[in-house]
Amino acid sequence: MNLDFADAVRQEIVQPLEALCELLSEEGCYAEFAWFSNVLGMLQTPEDEASVLAAVIELSHCAFLGFIFSPEAAGQIDSLLERAINLSHTMSAPNAPDAQGGAH
């Protein structure tokens, strides 16, 4: 099944990010919850590649903020970062092979 870009963003980043925010809230990690909620807000238009790329870059900063995560949250974050990296590779890939070839 081929997802369009916005659907892929929702499935690969938005939904896992929402689950992470719910976990952080349940754990009482309010600063962490607020930070990840802000990133989630950056994804309000998942069809906008520039917004998605900005959110992916912002997500990559989470390791440098000094937050301490539970093992469950850390696992969700690792998975989320992996998904975000994979999605960003897809965004930077060419849409189709060069059809020009060597034809004269």
# chains A, B, ... in the order shown; residues from 1 in each chain; ligands from 1

$ residues_around --residues "Pro46 in chain A" --least-positions-apart "6" --cutoff "8 Å" --atoms "only C-alpha atoms" --output "NGL selection string"
:A and (5-7 or 9-10 or 52)

$ write_last_selection --atoms "C-alpha atoms" --output "PDB file, in the first residue's frame"
ATOM      1  CA  PHE A   5       3.139  12.065   1.858  1.00  0.00           C
ATOM      2  CA  ALA A   6       0.695  13.543   4.383  1.00  0.00           C
ATOM      3  CA  ASP A   7      -0.622  10.091   5.313  1.00  0.00           C
ATOM      4  CA  VAL A   9       3.725  11.797   8.041  1.00  0.00           C
ATOM      5  CA  ARG A  10       0.608  11.127  10.115  1.00  0.00           C
ATOM      6  CA  VAL A  52       7.740  18.437   8.280  1.00  0.00           C
TER       7      VAL A  52
END

$ closest_residue --among "A:Leu65, A:Ile13, A:Gly41, A:Tyr30" --to "Asp78 in chain A" --atoms "only C-alpha atoms"
A:Ile13

$ closest_residue --among "A:Asn86, A:Ser51, A:Thr45, A:Gln76" --to "Glu18 in chain A" --atoms "only C-alpha atoms"
A:Gln76

$ residues_around --residues "Glu22 in chain A" --least-positions-apart "4" --cutoff "12 Å" --atoms "only C-alpha atoms" --output "list of chain:residue names"
A:Gln15, A:Pro16, A:Leu17, A:Glu18, A:Glu26, A:Glu27, A:Gly28, A:Cys29, A:Tyr30, A:Glu32, A:Phe33, A:Ala34, A:Phe36, A:Ser37, A:Leu40, A:Ala73, A:Gln76

$ write_last_selection --atoms "N, CA and C atoms" --output "compact mmCIF listing (two decimals), in the first residue's frame"
# COMPACT_ATOMS: atom_id res chain seq x y z
N GLN A 15 1.26 10.23 14.75
CA GLN A 15 0.66 9.28 15.68
C GLN A 15 1.63 8.81 16.77
N PRO A 16 2.87 8.44 16.41
CA PRO A 16 3.81 8.08 17.49
C PRO A 16 4.13 9.26 18.41
N LEU A 17 4.16 10.46 17.87
CA LEU A 17 4.42 11.65 18.69
C LEU A 17 3.25 11.91 19.64
N GLU A 18 2.04 11.71 19.17
CA GLU A 18 0.88 11.85 20.05
C GLU A 18 0.93 10.82 21.18
N GLU A 26 1.25 11.27 31.31
CA GLU A 26 0.94 10.28 32.34
C GLU A 26 2.08 10.14 33.34
N GLU A 27 3.30 10.29 32.87
CA GLU A 27 4.47 10.17 33.74
C GLU A 27 4.76 11.45 34.52
N GLY A 28 4.02 12.51 34.23
CA GLY A 28 4.24 13.77 34.93
C GLY A 28 5.48 14.51 34.45
N CYS A 29 5.91 14.23 33.24
CA CYS A 29 7.09 14.89 32.65
C CYS A 29 6.60 16.08 31.83
N TYR A 30 6.22 17.14 32.53
CA TYR A 30 5.51 18.24 31.89
C TYR A 30 6.39 19.10 30.99
N GLU A 32 8.98 18.01 29.29
CA GLU A 32 9.19 17.17 28.12
C GLU A 32 7.92 17.12 27.27
N PHE A 33 6.78 16.97 27.96
CA PHE A 33 5.49 16.97 27.26
C PHE A 33 5.32 18.27 26.47
N ALA A 34 5.62 19.39 27.08
CA ALA A 34 5.46 20.69 26.42
C ALA A 34 6.37 20.79 25.19
N PHE A 36 7.72 18.31 23.31
CA PHE A 36 7.26 17.42 22.23
C PHE A 36 5.91 17.87 21.67
N SER A 37 5.06 18.46 22.50
CA SER A 37 3.79 19.01 22.01
C SER A 37 4.03 20.15 21.02
N LEU A 40 4.85 18.61 17.84
CA LEU A 40 3.60 18.11 17.27
C LEU A 40 2.84 19.25 16.60
N ALA A 73 9.61 5.71 27.50
CA ALA A 73 9.63 6.94 26.70
C ALA A 73 10.87 6.97 25.81
N GLN A 76 10.28 4.85 22.81
CA GLN A 76 9.37 5.50 21.87
C GLN A 76 10.09 6.62 21.11

$ residues_around --residues "Glu49 in chain A" --least-positions-apart "6" --cutoff "12 Å" --atoms "only C-alpha atoms" --output "ChimeraX atom specification"
/A:5-6,8-9,42-43,55-56,87-88,90-92

$ atom_distance --atom1 "CA of Ala31 in chain A" --atom2 "CA of Asp48 in chain A"
27.0 Å

$ atom_distance --atom1 "CA of Phe67 in chain A" --atom2 "CA of Ser79 in chain A"
16.9 Å

$ select_by_dssp --residues "chain A" --states "helix (DSSP H, G or I)" --output "number ranges by chain"
A: 5-26, 30-41, 49-64, 71-92

$ atom_distance --atom1 "CA of Leu81 in chain A" --atom2 "CA of Glu58 in chain A"
10.5 Å

$ closest_residue --among "A:Val14, A:Leu53, A:Ile77, A:Val39" --to "His89 in chain A" --atoms "only C-alpha atoms"
A:Leu53

$ decode --residues "range 2-101 of chain A" --atoms "C-alpha atoms" --output "PDB file, in the first residue's frame"
ATOM      1  CA  ASN A   2       1.452   3.303  -1.107  1.00  0.00           C
ATOM      2  CA  LEU A   3       0.660   6.193   1.239  1.00  0.00           C
ATOM      3  CA  ASP A   4       0.731   9.741   0.058  1.00  0.00           C
ATOM      4  CA  PHE A   5       3.139  12.065   1.858  1.00  0.00           C
ATOM      5  CA  ALA A   6       0.695  13.543   4.383  1.00  0.00           C
ATOM      6  CA  ASP A   7      -0.622  10.091   5.313  1.00  0.00           C
ATOM      7  CA  ALA A   8       2.943   8.830   5.763  1.00  0.00           C
ATOM      8  CA  VAL A   9       3.725  11.797   8.041  1.00  0.00           C
ATOM      9  CA  ARG A  10       0.608  11.127  10.115  1.00  0.00           C
ATOM     10  CA  GLN A  11       1.374   7.420  10.431  1.00  0.00           C
ATOM     11  CA  GLU A  12       5.138   7.613  10.906  1.00  0.00           C
ATOM     12  CA  ILE A  13       5.530  10.773  12.984  1.00  0.00           C
ATOM     13  CA  VAL A  14       2.275  12.377  14.167  1.00  0.00           C
ATOM     14  CA  GLN A  15       0.655   9.278  15.681  1.00  0.00           C
ATOM     15  CA  PRO A  16       3.812   8.083  17.485  1.00  0.00           C
ATOM     16  CA  LEU A  17       4.418  11.647  18.692  1.00  0.00           C
ATOM     17  CA  GLU A  18       0.875  11.846  20.050  1.00  0.00           C
ATOM     18  CA  ALA A  19       1.424   8.535  21.883  1.00  0.00           C
ATOM     19  CA  LEU A  20       4.702   9.845  23.296  1.00  0.00           C
ATOM     20  CA  CYS A  21       3.035  13.043  24.514  1.00  0.00           C
ATOM     21  CA  GLU A  22       0.327  10.987  26.202  1.00  0.00           C
ATOM     22  CA  LEU A  23       2.961   8.858  27.947  1.00  0.00           C
ATOM     23  CA  LEU A  24       4.965  11.900  29.060  1.00  0.00           C
ATOM     24  CA  SER A  25       1.813  13.477  30.465  1.00  0.00           C
ATOM     25  CA  GLU A  26       0.936  10.284  32.342  1.00  0.00           C
ATOM     26  CA  GLU A  27       4.474  10.165  33.741  1.00  0.00           C
ATOM     27  CA  GLY A  28       4.242  13.771  34.931  1.00  0.00           C
ATOM     28  CA  CYS A  29       7.085  14.891  32.648  1.00  0.00           C
ATOM     29  CA  TYR A  30       5.513  18.241  31.889  1.00  0.00           C
ATOM     30  CA  ALA A  31       8.537  20.076  30.458  1.00  0.00           C
ATOM     31  CA  GLU A  32       9.190  17.165  28.125  1.00  0.00           C
ATOM     32  CA  PHE A  33       5.494  16.971  27.259  1.00  0.00           C
ATOM     33  CA  ALA A  34       5.456  20.689  26.418  1.00  0.00           C
ATOM     34  CA  TRP A  35       8.542  20.421  24.214  1.00  0.00           C
ATOM     35  CA  PHE A  36       7.264  17.424  22.230  1.00  0.00           C
ATOM     36  CA  SER A  37       3.788  19.007  22.006  1.00  0.00           C
ATOM     37  CA  ASN A  38       5.424  22.015  20.376  1.00  0.00           C
ATOM     38  CA  VAL A  39       7.004  19.725  17.783  1.00  0.00           C
ATOM     39  CA  LEU A  40       3.601  18.115  17.271  1.00  0.00           C
ATOM     40  CA  GLY A  41       2.189  21.582  16.620  1.00  0.00           C
ATOM     41  CA  MET A  42       4.743  22.031  13.848  1.00  0.00           C
ATOM     42  CA  LEU A  43       3.075  19.103  12.061  1.00  0.00           C
ATOM     43  CA  GLN A  44      -0.390  20.644  11.762  1.00  0.00           C
ATOM     44  CA  THR A  45       0.051  20.691   7.996  1.00  0.00           C
ATOM     45  CA  PRO A  46       1.598  17.274   7.276  1.00  0.00           C
ATOM     46  CA  GLU A  47       1.396  17.887   3.540  1.00  0.00           C
ATOM     47  CA  ASP A  48       3.861  20.797   3.836  1.00  0.00           C
ATOM     48  CA  GLU A  49       7.307  19.281   3.372  1.00  0.00           C
ATOM     49  CA  ALA A  50       9.066  22.375   4.766  1.00  0.00           C
ATOM     50  CA  SER A  51       7.092  22.155   8.027  1.00  0.00           C
ATOM     51  CA  VAL A  52       7.740  18.437   8.280  1.00  0.00           C
ATOM     52  CA  LEU A  53      11.448  18.913   7.682  1.00  0.00           C
ATOM     53  CA  ALA A  54      11.574  21.640  10.346  1.00  0.00           C
ATOM     54  CA  ALA A  55       9.814  19.297  12.801  1.00  0.00           C
ATOM     55  CA  VAL A  56      12.230  16.450  11.992  1.00  0.00           C
ATOM     56  CA  ILE A  57      15.194  18.753  12.593  1.00  0.00           C
ATOM     57  CA  GLU A  58      13.636  19.955  15.857  1.00  0.00           C
ATOM     58  CA  LEU A  59      13.063  16.356  16.949  1.00  0.00           C
ATOM     59  CA  SER A  60      16.761  15.644  16.483  1.00  0.00           C
ATOM     60  CA  HIS A  61      17.524  18.272  19.148  1.00  0.00           C
ATOM     61  CA  CYS A  62      15.748  16.341  21.908  1.00  0.00           C
ATOM     62  CA  ALA A  63      18.946  14.493  22.834  1.00  0.00           C
ATOM     63  CA  PHE A  64      20.660  17.767  23.717  1.00  0.00           C
ATOM     64  CA  LEU A  65      18.042  19.282  26.023  1.00  0.00           C
ATOM     65  CA  GLY A  66      19.019  17.480  29.200  1.00  0.00           C
ATOM     66  CA  PHE A  67      15.720  15.630  29.559  1.00  0.00           C
ATOM     67  CA  ILE A  68      15.723  12.346  31.473  1.00  0.00           C
ATOM     68  CA  PHE A  69      13.283   9.815  30.027  1.00  0.00           C
ATOM     69  CA  SER A  70      11.817   6.609  31.384  1.00  0.00           C
ATOM     70  CA  PRO A  71      12.917   3.476  29.515  1.00  0.00           C
ATOM     71  CA  GLU A  72       9.497   3.298  27.828  1.00  0.00           C
ATOM     72  CA  ALA A  73       9.628   6.937  26.699  1.00  0.00           C
ATOM     73  CA  ALA A  74      13.247   6.545  25.557  1.00  0.00           C
ATOM     74  CA  GLY A  75      12.229   3.554  23.434  1.00  0.00           C
ATOM     75  CA  GLN A  76       9.370   5.503  21.868  1.00  0.00           C
ATOM     76  CA  ILE A  77      11.684   8.440  21.172  1.00  0.00           C
ATOM     77  CA  ASP A  78      14.307   6.199  19.558  1.00  0.00           C
ATOM     78  CA  SER A  79      11.648   4.666  17.316  1.00  0.00           C
ATOM     79  CA  LEU A  80      10.213   8.092  16.492  1.00  0.00           C
ATOM     80  CA  LEU A  81      13.634   9.468  15.571  1.00  0.00           C
ATOM     81  CA  GLU A  82      14.316   6.472  13.346  1.00  0.00           C
ATOM     82  CA  ARG A  83      10.975   6.955  11.595  1.00  0.00           C
ATOM     83  CA  ALA A  84      11.651  10.675  11.175  1.00  0.00           C
ATOM     84  CA  ILE A  85      15.082  10.009   9.674  1.00  0.00           C
ATOM     85  CA  ASN A  86      13.637   7.455   7.256  1.00  0.00           C
ATOM     86  CA  LEU A  87      10.909   9.882   6.239  1.00  0.00           C
ATOM     87  CA  SER A  88      13.417  12.689   5.710  1.00  0.00           C
ATOM     88  CA  HIS A  89      15.448  10.396   3.437  1.00  0.00           C
ATOM     89  CA  THR A  90      12.285   9.786   1.429  1.00  0.00           C
ATOM     90  CA  MET A  91      11.694  13.541   1.181  1.00  0.00           C
ATOM     91  CA  SER A  92      15.180  14.134  -0.190  1.00  0.00           C
ATOM     92  CA  ALA A  93      15.053  11.245  -2.691  1.00  0.00           C
ATOM     93  CA  PRO A  94      14.341  12.079  -6.312  1.00  0.00           C
ATOM     94  CA  ASN A  95      10.760  11.375  -7.373  1.00  0.00           C
ATOM     95  CA  ALA A  96      11.685   9.372 -10.438  1.00  0.00           C
ATOM     96  CA  PRO A  97      14.792   8.112 -12.147  1.00  0.00           C
ATOM     97  CA  ASP A  98      16.157  10.327 -14.847  1.00  0.00           C
ATOM     98  CA  ALA A  99      14.170   9.399 -17.923  1.00  0.00           C
ATOM     99  CA  GLN A 100      16.421  11.424 -20.211  1.00  0.00           C
ATOM    100  CA  GLY A 101      19.031   8.692 -20.385  1.00  0.00           C
TER     101      GLY A 101
END
